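Inspection log for the structure reproduced underneath, given as structure tokens.
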Amino acid sequence: MVYPVYSVYSVHESEVTQLHHFPVAEILHCWSLKFKSEHTEVVLAGSPERSLFRTVIEDAGAKRFVLEQLEPSVLRRKREIASTVEALAARGLAGVHPCLRNRDGDFISKAAGGFWQVCPFIDGVELKRPEYTLDAWRGKALAQFLVDMKGISDGISGGDPGASFSIAVFATELMGKLNRHDPAIARVVEPAFLFLKERFFPAHDRLPVAFCHGDAHPLNVIWGDGEIRGVIDWEFSGTKPEIYDAALVVGCIGMEDPESLAGPLVMAFLDELRAAGCYDASGFDVLPEFVLALRFAWLSDWMRKKDGEMEEMERDYIRLLLDGREELRRAWGL
């Protein structure tokens with residue numbers, strides 16, 4: 001059975017608005033860019049929820065950019081993300097493309113009654129789903145990106161220097177809410193939660209932490225022919241257990257097709273990570289449990305979106321991961 005992750009290639013309703021409703025020349029002047037044309041035919045990768053409106057524009061120099069209108073409430077976080085990505089690029093991390101600073105040196109401009117951001121447009125090849133889970137080279141490329149990021153990100157907090165994100169705390173709080181407001185769903189996922197509470201949460205709190213992308217699944221990658229051209233959607237980046245991104249990648253690939261949990265992409269991904277030797281063994285020791293725990297965050301997201309179909313699939317996936325954890329442990333050589 002195929003469990004589809006939300007499509008990052010879908011078009012958000014707000015994105016049907018044409019750019020000519022905005023004084024684009026005035027907006028782009030903040031970056032000293034001269035507007036030539038808009039490319040409404042381009043379907044952008046990445047979650048459309050990240051902005052109020054976005055489109056691809058071309059300047060007089062024939063370079064293409066993504067122009068986004070931002071919610072005022074996210075401006076601080078957007079600046080943190082832009083600074084983080086710029087720092088990673090400055091340290092030589094391939095596949096990251098910083099937003100442009102405007103003429104005042106800021107990443108965000110106020111113009112035409114809104115707040116705007118401009119980033120380079122990176123062209124790519126759309127994934128064929130779920131067939132891409134058979135591509136071992138994608139697993140190796142994803143692992144290499146994470147290894148490279150781990151190697152150069154010391155001292156980068158991503159804007160949250162106070163404390164790392166805890167999926168243990170998140171899942172515990174979510175279960176409290178489910179017990180109060182959705183007891184039927186709580187009963188379905190309670191066995192998985194109780195298992196995690198006993199067998200994973202204590203170990204989770206002792207895992208080494210590092211800077212993580214936070215949402216590094218394959219659909220947040222802009223792929224080329226045999227390469228990664230860009231990694232996008234850094235909204236959840238910050239300090240987390242260092243194995244966080246690996247667990248999220250594996251879980252999202254399995255959501256495409258549970259059989260892919262032991263398929264070519266996942267196996268090549270894990271082999272490459274282990275061979276690099278940059279992650280502590282304690283993270284791999286609890287990888288099946290971490291994959292399971294992160295699905296509680298996805299369940300919460302489907303419920304927030306009121307996506308009943310995906311919510312039901314997520315509950316099934318949680319049960320599958322719980323029941324199959326020992327099989328996965330053997331398949332992954334843990």
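If you're wondering about the labels, chains in the structure tokens are A, B, ... by order shown, residues count from 1 in each chain, ligands from 1 in order shown.
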
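For stretch 140-147 of chain A, the residues within 7 Å (counting only C-alpha atoms, excluding itself and residues fewer than 5 positions away along the chain) are Glu227, Ile228, Ala268, Phe269, Glu272, Leu273 and Cys278 of chain A.
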
Every residue of stretch 99-153 of chain A that DSSP places in alpha helix (DSSP H), as a PDB file with N, CA, C and O atoms, in the first residue's frame:
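Final file, out-v3.pdb:
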```
ATOM      1  N   ALA A 136      19.044   3.976  -5.162  1.00  0.00           N
ATOM      2  CA  ALA A 136      20.070   3.973  -4.117  1.00  0.00           C
ATOM      3  C   ALA A 136      20.905   5.240  -4.146  1.00  0.00           C
ATOM      4  O   ALA A 136      21.340   5.737  -3.097  1.00  0.00           O
ATOM      5  N   TRP A 137      21.127   5.799  -5.322  1.00  0.00           N
ATOM      6  CA  TRP A 137      21.984   6.985  -5.423  1.00  0.00           C
ATOM      7  C   TRP A 137      21.383   8.171  -4.661  1.00  0.00           C
ATOM      8  O   TRP A 137      22.119   8.992  -4.118  1.00  0.00           O
ATOM      9  N   ARG A 138      20.054   8.212  -4.602  1.00  0.00           N
ATOM     10  CA  ARG A 138      19.428   9.307  -3.845  1.00  0.00           C
ATOM     11  C   ARG A 138      19.719   9.144  -2.350  1.00  0.00           C
ATOM     12  O   ARG A 138      19.921  10.128  -1.628  1.00  0.00           O
ATOM     13  N   GLY A 139      19.716   7.901  -1.880  1.00  0.00           N
ATOM     14  CA  GLY A 139      20.050   7.662  -0.490  1.00  0.00           C
ATOM     15  C   GLY A 139      21.461   8.093  -0.163  1.00  0.00           C
ATOM     16  O   GLY A 139      21.722   8.719   0.875  1.00  0.00           O
ATOM     17  N   LYS A 140      22.405   7.768  -1.048  1.00  0.00           N
ATOM     18  CA  LYS A 140      23.793   8.164  -0.837  1.00  0.00           C
ATOM     19  C   LYS A 140      23.935   9.684  -0.858  1.00  0.00           C
ATOM     20  O   LYS A 140      24.665  10.264  -0.039  1.00  0.00           O
ATOM     21  N   ALA A 141      23.237  10.331  -1.789  1.00  0.00           N
ATOM     22  CA  ALA A 141      23.330  11.789  -1.900  1.00  0.00           C
ATOM     23  C   ALA A 141      22.739  12.476  -0.664  1.00  0.00           C
ATOM     24  O   ALA A 141      23.302  13.448  -0.142  1.00  0.00           O
ATOM     25  N   LEU A 142      21.595  11.973  -0.197  1.00  0.00           N
ATOM     26  CA  LEU A 142      20.987  12.547   1.006  1.00  0.00           C
ATOM     27  C   LEU A 142      21.893  12.378   2.222  1.00  0.00           C
ATOM     28  O   LEU A 142      22.068  13.304   3.019  1.00  0.00           O
ATOM     29  N   ALA A 143      22.465  11.183   2.353  1.00  0.00           N
ATOM     30  CA  ALA A 143      23.367  10.935   3.483  1.00  0.00           C
ATOM     31  C   ALA A 143      24.584  11.850   3.408  1.00  0.00           C
ATOM     32  O   ALA A 143      25.010  12.406   4.425  1.00  0.00           O
ATOM     33  N   GLN A 144      25.133  12.024   2.223  1.00  0.00           N
ATOM     34  CA  GLN A 144      26.307  12.880   2.079  1.00  0.00           C
ATOM     35  C   GLN A 144      25.988  14.320   2.439  1.00  0.00           C
ATOM     36  O   GLN A 144      26.804  15.014   3.066  1.00  0.00           O
ATOM     37  N   PHE A 145      24.795  14.787   2.080  1.00  0.00           N
ATOM     38  CA  PHE A 145      24.396  16.137   2.454  1.00  0.00           C
ATOM     39  C   PHE A 145      24.360  16.283   3.976  1.00  0.00           C
ATOM     40  O   PHE A 145      24.874  17.260   4.535  1.00  0.00           O
ATOM     41  N   LEU A 146      23.751  15.306   4.656  1.00  0.00           N
ATOM     42  CA  LEU A 146      23.666  15.372   6.116  1.00  0.00           C
ATOM     43  C   LEU A 146      25.046  15.289   6.754  1.00  0.00           C
ATOM     44  O   LEU A 146      25.335  15.986   7.732  1.00  0.00           O
ATOM     45  N   VAL A 147      25.902  14.439   6.204  1.00  0.00           N
ATOM     46  CA  VAL A 147      27.267  14.322   6.727  1.00  0.00           C
ATOM     47  C   VAL A 147      28.020  15.635   6.552  1.00  0.00           C
ATOM     48  O   VAL A 147      28.699  16.115   7.468  1.00  0.00           O
ATOM     49  N   ASP A 148      27.901  16.232   5.367  1.00  0.00           N
ATOM     50  CA  ASP A 148      28.576  17.506   5.108  1.00  0.00           C
ATOM     51  C   ASP A 148      28.057  18.596   6.040  1.00  0.00           C
ATOM     52  O   ASP A 148      28.836  19.400   6.576  1.00  0.00           O
ATOM     53  N   MET A 149      26.736  18.620   6.239  1.00  0.00           N
ATOM     54  CA  MET A 149      26.154  19.635   7.124  1.00  0.00           C
ATOM     55  C   MET A 149      26.627  19.440   8.551  1.00  0.00           C
ATOM     56  O   MET A 149      26.952  20.410   9.243  1.00  0.00           O
ATOM     57  N   LYS A 150      26.684  18.198   8.995  1.00  0.00           N
ATOM     58  CA  LYS A 150      27.159  17.910  10.343  1.00  0.00           C
ATOM     59  C   LYS A 150      28.596  18.393  10.521  1.00  0.00           C
ATOM     60  O   LYS A 150      28.971  18.925  11.573  1.00  0.00           O
ATOM     61  N   GLY A 151      29.391  18.261   9.467  1.00  0.00           N
ATOM     62  CA  GLY A 151      30.798  18.609   9.569  1.00  0.00           C
ATOM     63  C   GLY A 151      31.093  20.087   9.632  1.00  0.00           C
ATOM     64  O   GLY A 151      32.160  20.479  10.121  1.00  0.00           O
ATOM     65  N   ILE A 152      30.154  20.910   9.156  1.00  0.00           N
ATOM     66  CA  ILE A 152      30.453  22.351   9.087  1.00  0.00           C
ATOM     67  C   ILE A 152      29.518  23.210   9.938  1.00  0.00           C
ATOM     68  O   ILE A 152      29.634  24.439   9.921  1.00  0.00           O
TER      69      ILE A 152
END
```

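With only C-alpha atoms as the atoms that count, the residue of A:Gly114, A:Gly155, A:Pro130, A:Gly263 with the shortest distance to A:Val24 is A:Gly114.
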
Problem - Surrounding residues of stretch 298-308 of chain A excluding itself and chain neighbours under 2 positions, 12 Å, only C-alpha atoms, as a PyMOL selection string - result: chain A and resi 5-6+49+167+170-175+177-178+181-182+185-186+188-189+215+248+251-252+255+291-296+310-318

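In this comparison, which uses only C-alpha atoms, the residue of A:Leu287, A:Leu196, A:Val43, A:Ala89 approaching A:Val250 most closely is A:Leu287.
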
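Residues of stretch 193-315 of chain A assigned to strand (DSSP E or B) by DSSP on this structure's backbone: Val209, Ala210, Phe211, Cys212, Val221, Ile222, Trp223, Ile228, Arg229, Gly230, Val231, Gly238, Thr239, Lys240 and Pro241 of chain A.
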
Exercise for the section: Could you give me, as a ChimeraX atom specification, the residues within 10 Å of A:Pro191, counting only C-alpha atoms and dropping anything in the same chain fewer than 6 positions from it? Expected result: /A:197,318-319,322

Include N, CA, C and O atoms and write out the residues we just selected as a PDB file, in the first residue's frame.
```
ATOM      1  N   LYS A 197       7.295   5.688  25.542  1.00  0.00           N
ATOM      2  CA  LYS A 197       7.491   6.259  26.876  1.00  0.00           C
ATOM      3  C   LYS A 197       8.406   5.384  27.726  1.00  0.00           C
ATOM      4  O   LYS A 197       9.265   5.876  28.457  1.00  0.00           O
ATOM      5  N   ILE A 318       1.713   4.201  12.039  1.00  0.00           N
ATOM      6  CA  ILE A 318       2.228   4.121  13.413  1.00  0.00           C
ATOM      7  C   ILE A 318       2.115   2.693  13.938  1.00  0.00           C
ATOM      8  O   ILE A 318       3.053   2.158  14.543  1.00  0.00           O
ATOM      9  N   ARG A 319       0.977   2.051  13.693  1.00  0.00           N
ATOM     10  CA  ARG A 319       0.816   0.659  14.129  1.00  0.00           C
ATOM     11  C   ARG A 319       1.807  -0.254  13.416  1.00  0.00           C
ATOM     12  O   ARG A 319       2.390  -1.164  14.026  1.00  0.00           O
ATOM     13  N   LEU A 322       5.251   0.178  14.888  1.00  0.00           N
ATOM     14  CA  LEU A 322       5.328  -0.441  16.216  1.00  0.00           C
ATOM     15  C   LEU A 322       5.469  -1.956  16.095  1.00  0.00           C
ATOM     16  O   LEU A 322       6.346  -2.561  16.720  1.00  0.00           O
TER      17      LEU A 322
END
```

Problem - Selected residue of minimal separation from A:Phe195 among A:Leu127, A:Leu321, A:Leu67, A:Val118, counting only C-alpha atoms - result: A:Leu321

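You will find atom CA of A:Glu256 at 27.9 Å from atom CA of A:Thr55.
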